[in-house]
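Below is one structure; the comments refer to it alone.
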Amino acid sequence: MSGRLVKVDRWNPDPEIMREAGGVIRRGGLVAFPTETVYGLGANALDAAAVAGIFRAKGRPSDNPLIVHVQDPTEVPAFAVLNDMALRLIDLFWPGPLTLVLPSLEIVPPVTRGGLDTVGVRMPSHPVALALIAEAGVPIAAPSANRSGRPSPTEADVVFHDLGEGVDMILDGGPTEVGVESTVLDVSGEVPVLLRPGGVGLEALNEVLGQISFPEGDMESRRSPGTRYRHYAPSVPVLLWSSGTVWPTEFTESKRLGYLGLRRPPDQVAVKVLFDSPEHYARGLFSGLRHLERSGVSAIVADLPEASGIGLALRDRLARAAGFH
Ligand code: TXA
Ligand code: MG
């Protein structure tokens, strides 16, 4: 049943389908599934051979660790060490788009954690993700279900397009809600460190933790291996339109220009994807990039929003989509 796309009701997934999908995970297979952020490509986190299959299917560098997904916080102490700070954050933000990097126990194979002594853990809120983890009966390691370096998938069709034959089962629960990936916060040391901005805003974290910061533009020095790689990149160049600036005239010199963002671009832009809020921009970012790429534009201009709320995650993804051309 290679590359099988199966529709599931987001709120009320068919127990039989979920049982089957859980069985695939237990037997060492790969199941792609929706979370509230993006689609994940899942395998049994504690099975080194199964996890190696994820890296193969995605073409992912082996030193880039995976996030381990649980369906209840009580599952965490079996494979990672919780501290007071983590417990407080779990209480406030789980289930939801917050990944906590914690000291790992030996039971997590090195391949899952990219050889690090920590492990990223999150409890997603999507009913299909939760049902899958429950049926599998094991924690599920899952990166975003795109080919390495490509925009993350927010729809099942994109997973099929990127990874099709390499996946045993793809659960289609419709488009995802948040649209950008989880916030990754390292709480394994004395001071919490934001490794990747995402679905939970920095302001919300700072209400609990005091002042943590995120040095934008300082990507090389970041500790999260995944943030060092080429990422989110469509096959055409991405140009950034900074907030508070007028439209740079050199943009319009490109032959056929695509655009996505909140502000209105000049009329000459050939294909426009407009959003009415930063939240909708986040939800439509990755599918928007793929849509523009397919529509045959020679470059994509992306509106860089303010660095607040979900805007910080948008800026991060856009800077990386733009940074490697
Ligand atoms: O929303 C999400 O987080 C999605 C869904 C499927 O849950 N998953 C996701 O996984 O975005 P991935 O593999 O595409 O991104 C995981 C990020 C990478 O930047 C990785 O380097 C970082 O989390 N990460 C994972 N474990 C880590 C660890 N132990 N230490 C530092 N960074 C870690
Ligand atoms: Mg990813």
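A note on labels: chains of the structure tokens are A, B, ... as shown, every chain counts residues from 1, and ligands are counted from 1 in their shown order.
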Find the residues near ligand 1. Use a cut-off of 7 Å, count only C-alpha atoms and all ligand atoms, and write them as an MDAnalysis selection string.
chainID A and resid 35 37:41 64:67 97 99 101 113 116 118:120 124 142:144 180:184 186 195:196 223:227
Would you please give, as a PyMOL selection string, all residues of stretch 43-277 of chain A that DSSP assigns to helix (DSSP H, G or I) based on the backbone?
chain A and resi 48-58+73-78+84-93+127-136+156-166+202-209+219-221+225-228+249-253
Create the file for the chosen residues now, containing C-alpha atoms and written as a short mmCIF file (atom, residue, chain, number, x, y, z; two decimals), in the first residue's frame.
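Below is the file that was written, again-v8.cif:
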```
data_model
loop_
_atom_site.label_atom_id
_atom_site.label_comp_id
_atom_site.auth_asym_id
_atom_site.auth_seq_id
_atom_site.Cartn_x
_atom_site.Cartn_y
_atom_site.Cartn_z
CA ALA A 48 16.35 3.23 15.08
CA ALA A 49 15.68 1.40 11.81
CA ALA A 50 12.24 2.98 11.40
CA VAL A 51 13.62 6.46 12.12
CA ALA A 52 16.41 5.90 9.59
CA GLY A 53 13.59 5.46 7.05
CA ILE A 54 12.41 9.02 7.74
CA PHE A 55 15.85 10.42 6.94
CA ARG A 56 15.98 8.37 3.72
CA ALA A 57 12.50 9.39 2.57
CA LYS A 58 13.17 13.09 3.14
CA PRO A 73 2.56 14.66 29.00
CA THR A 74 2.78 11.59 31.28
CA GLU A 75 4.53 9.74 28.42
CA VAL A 76 7.56 12.05 28.51
CA PRO A 77 9.46 10.77 31.61
CA ALA A 78 9.91 7.39 29.91
CA ASP A 84 10.15 22.62 36.70
CA MET A 85 10.37 25.04 33.80
CA ALA A 86 9.29 22.34 31.35
CA LEU A 87 6.38 21.32 33.58
CA ARG A 88 5.17 24.91 33.77
CA LEU A 89 5.33 25.33 30.01
CA ILE A 90 3.61 22.01 29.39
CA ASP A 91 0.83 23.08 31.71
CA LEU A 92 0.28 26.29 29.76
CA PHE A 93 1.02 25.41 26.15
CA PRO A 127 -7.13 15.01 16.86
CA VAL A 128 -5.70 12.85 14.06
CA ALA A 129 -2.15 13.19 15.40
CA LEU A 130 -3.30 12.36 18.92
CA ALA A 131 -5.28 9.33 17.75
CA LEU A 132 -2.31 8.07 15.74
CA ILE A 133 0.09 8.28 18.67
CA ALA A 134 -2.46 6.58 20.94
CA GLU A 135 -3.03 3.73 18.47
CA ALA A 136 0.70 3.30 17.84
CA ALA A 156 -1.75 16.00 2.18
CA ASP A 157 -1.39 16.36 -1.60
CA VAL A 158 1.91 18.13 -1.11
CA VAL A 159 3.18 15.23 1.02
CA PHE A 160 2.18 12.87 -1.76
CA HIS A 161 3.89 15.05 -4.33
CA ASP A 162 7.14 15.34 -2.33
CA LEU A 163 7.39 11.88 -0.77
CA GLY A 164 4.62 9.75 -2.37
CA GLU A 165 6.17 6.34 -2.88
CA GLY A 166 8.45 6.57 0.13
CA LEU A 202 7.71 34.93 21.97
CA GLU A 203 5.49 37.35 23.89
CA ALA A 204 3.45 34.47 25.33
CA LEU A 205 6.63 32.64 26.38
CA ASN A 206 8.07 35.78 27.91
CA GLU A 207 5.02 36.18 30.11
CA VAL A 208 6.07 32.94 31.77
CA LEU A 209 9.84 33.00 31.45
CA MET A 219 21.49 32.15 11.90
CA GLU A 220 24.97 30.67 11.76
CA SER A 221 25.46 30.70 15.49
CA PRO A 225 20.92 22.04 13.76
CA GLY A 226 17.83 22.36 11.57
CA THR A 227 18.11 26.12 11.40
CA ARG A 228 21.49 25.93 9.69
CA THR A 249 11.66 49.47 -8.08
CA GLU A 250 14.27 46.84 -8.96
CA PHE A 251 11.77 44.13 -7.95
CA THR A 252 9.54 44.99 -10.88
CA GLU A 253 12.42 44.47 -13.32
#
```
Would you please extract all strand (DSSP E) residues from stretch 111-323 of chain A, as assigned by DSSP on the backbone, and give them as a VMD selection string?
chain A and resid 118 to 122 140 to 141 169 to 172 183 to 186 193 to 196 238 to 241 257 to 261 271 to 274 299 to 303
Written selection (N, CA and C atoms) as a short mmCIF file (atom, residue, chain, number, x, y, z; two decimals), in the first residue's frame:
```cif
data_model
loop_
_atom_site.label_atom_id
_atom_site.label_comp_id
_atom_site.auth_asym_id
_atom_site.auth_seq_id
_atom_site.Cartn_x
_atom_site.Cartn_y
_atom_site.Cartn_z
N THR A 118 20.23 15.68 23.88
CA THR A 118 18.90 16.21 24.19
C THR A 118 17.90 15.66 23.17
N VAL A 119 16.61 15.83 23.50
CA VAL A 119 15.57 15.41 22.55
C VAL A 119 14.45 16.46 22.56
N GLY A 120 13.95 16.77 21.37
CA GLY A 120 12.82 17.71 21.24
C GLY A 120 11.51 16.95 21.40
N VAL A 121 10.60 17.49 22.22
CA VAL A 121 9.34 16.79 22.50
C VAL A 121 8.17 17.75 22.37
N ARG A 122 7.09 17.25 21.75
CA ARG A 122 5.89 18.09 21.75
C ARG A 122 4.63 17.24 21.73
N ILE A 140 6.06 9.14 18.68
CA ILE A 140 6.28 9.20 17.23
C ILE A 140 7.23 10.34 16.86
N ALA A 141 8.36 9.97 16.26
CA ALA A 141 9.30 10.97 15.74
C ALA A 141 8.76 11.46 14.41
N MET A 169 1.68 5.26 4.37
CA MET A 169 0.30 5.72 4.48
C MET A 169 0.33 7.23 4.72
N ILE A 170 -0.54 7.95 4.01
CA ILE A 170 -0.66 9.40 4.22
C ILE A 170 -2.08 9.68 4.69
N LEU A 171 -2.22 10.19 5.90
CA LEU A 171 -3.54 10.50 6.44
C LEU A 171 -3.90 11.93 6.03
N ASP A 172 -4.96 12.06 5.25
CA ASP A 172 -5.37 13.37 4.74
C ASP A 172 -6.46 13.95 5.64
N THR A 183 7.14 26.31 17.73
CA THR A 183 8.23 27.04 18.37
C THR A 183 9.12 26.01 19.05
N VAL A 184 10.45 26.11 18.86
CA VAL A 184 11.37 25.17 19.52
C VAL A 184 12.13 25.92 20.61
N LEU A 185 11.95 25.47 21.85
CA LEU A 185 12.55 26.13 23.00
C LEU A 185 13.42 25.14 23.75
N ASP A 186 14.69 25.48 23.92
CA ASP A 186 15.61 24.60 24.65
C ASP A 186 15.52 24.93 26.14
N VAL A 193 16.43 28.86 25.84
CA VAL A 193 16.90 29.45 24.58
C VAL A 193 15.88 29.16 23.47
N LEU A 194 15.45 30.21 22.79
CA LEU A 194 14.54 30.02 21.67
C LEU A 194 15.35 29.61 20.44
N LEU A 195 15.12 28.40 19.95
CA LEU A 195 15.89 27.91 18.81
C LEU A 195 15.18 28.18 17.48
N ARG A 196 13.85 28.17 17.52
CA ARG A 196 13.09 28.43 16.30
C ARG A 196 11.78 29.10 16.67
N VAL A 238 13.45 34.12 -4.00
CA VAL A 238 12.50 34.82 -3.14
C VAL A 238 13.15 36.14 -2.71
N LEU A 239 12.46 37.25 -2.94
CA LEU A 239 12.96 38.58 -2.56
C LEU A 239 12.10 39.10 -1.42
N LEU A 240 12.70 39.82 -0.49
CA LEU A 240 11.95 40.26 0.69
C LEU A 240 11.64 41.75 0.62
N TRP A 241 10.38 42.09 0.91
CA TRP A 241 9.94 43.48 0.98
C TRP A 241 9.80 43.84 2.45
N LEU A 257 6.46 38.44 -12.07
CA LEU A 257 6.69 38.46 -10.63
C LEU A 257 5.49 37.88 -9.88
N GLY A 258 5.80 37.07 -8.88
CA GLY A 258 4.75 36.60 -7.96
C GLY A 258 4.89 37.34 -6.64
N TYR A 259 3.80 37.40 -5.88
CA TYR A 259 3.85 38.14 -4.62
C TYR A 259 2.99 37.45 -3.58
N LEU A 260 3.47 37.42 -2.33
CA LEU A 260 2.55 37.08 -1.25
C LEU A 260 2.80 37.95 -0.04
N GLY A 261 1.69 38.33 0.60
CA GLY A 261 1.84 39.18 1.77
C GLY A 261 0.58 39.91 2.17
N VAL A 271 1.17 37.66 -10.40
CA VAL A 271 0.36 36.74 -9.59
C VAL A 271 0.44 37.16 -8.12
N LYS A 272 -0.70 37.45 -7.53
CA LYS A 272 -0.70 37.95 -6.15
C LYS A 272 -1.44 37.00 -5.21
N VAL A 273 -0.85 36.75 -4.04
CA VAL A 273 -1.54 36.01 -2.99
C VAL A 273 -1.60 36.96 -1.79
N LEU A 274 -2.81 37.44 -1.49
CA LEU A 274 -2.95 38.45 -0.42
C LEU A 274 -3.62 37.86 0.82
N ALA A 299 10.35 35.18 -10.20
CA ALA A 299 10.79 35.49 -8.84
C ALA A 299 9.55 35.72 -7.98
N ILE A 300 9.73 35.53 -6.66
CA ILE A 300 8.63 35.76 -5.73
C ILE A 300 9.04 36.85 -4.76
N VAL A 301 8.21 37.89 -4.62
CA VAL A 301 8.43 38.88 -3.59
C VAL A 301 7.56 38.53 -2.40
N ALA A 302 8.16 38.49 -1.20
CA ALA A 302 7.40 38.20 0.01
C ALA A 302 7.45 39.39 0.94
N ASP A 303 6.29 39.75 1.43
CA ASP A 303 6.12 40.85 2.37
C ASP A 303 6.65 40.40 3.74
#
```
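Candidate residues A:Ala80, A:Ile17, A:Glu293, A:Gln71 were compared for distance to A:Ser104, and the nearest is A:Ala80, using only C-alpha atoms.
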Just the residues within 9 Å of A:Glu279, please, counting only C-alpha atoms, with nothing from its chain fewer than 5 positions along; format it as an NGL selection string.
:A and (178-179 or 284 or 309-311)
Write the residues you've just listed into a file as a PDB file, in the first residue's frame, and include N, CA and C atoms for each of them.
```
ATOM      1  N   VAL A 178      -2.340  26.242  11.708  1.00  0.00           N
ATOM      2  CA  VAL A 178      -1.338  27.265  12.063  1.00  0.00           C
ATOM      3  C   VAL A 178      -0.481  27.602  10.842  1.00  0.00           C
ATOM      4  N   GLY A 179      -0.038  26.568  10.133  1.00  0.00           N
ATOM      5  CA  GLY A 179       0.660  26.787   8.877  1.00  0.00           C
ATOM      6  C   GLY A 179       2.170  26.889   8.972  1.00  0.00           C
ATOM      7  N   GLY A 284      -1.184  30.381   5.121  1.00  0.00           N
ATOM      8  CA  GLY A 284      -1.078  30.219   3.674  1.00  0.00           C
ATOM      9  C   GLY A 284       0.333  30.369   3.126  1.00  0.00           C
ATOM     10  N   GLY A 309       4.249  38.564  17.558  1.00  0.00           N
ATOM     11  CA  GLY A 309       3.329  37.432  17.438  1.00  0.00           C
ATOM     12  C   GLY A 309       3.850  36.417  16.442  1.00  0.00           C
ATOM     13  N   ILE A 310       2.979  35.949  15.574  1.00  0.00           N
ATOM     14  CA  ILE A 310       3.356  34.949  14.570  1.00  0.00           C
ATOM     15  C   ILE A 310       4.304  35.555  13.535  1.00  0.00           C
ATOM     16  N   GLY A 311       4.394  36.904  13.512  1.00  0.00           N
ATOM     17  CA  GLY A 311       5.272  37.605  12.570  1.00  0.00           C
ATOM     18  C   GLY A 311       6.729  37.193  12.699  1.00  0.00           C
TER      19      GLY A 311
END
```
As a check of understanding: the span from atom CA of A:Pro61 to atom CA of A:Val111 is 10.8 Å
Interatomic distance between atom CA of A:Tyr281 and atom CA of A:Ser295?
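Separating atom CA of A:Tyr281 from atom CA of A:Ser295 is a distance of 18.9 Å.
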From A:Arg10, A:Arg26, A:Arg19, A:Arg320, residue lying nearest ligand 2 [only C-alpha atoms and all ligand atoms]:
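Closest candidate: A:Arg320.
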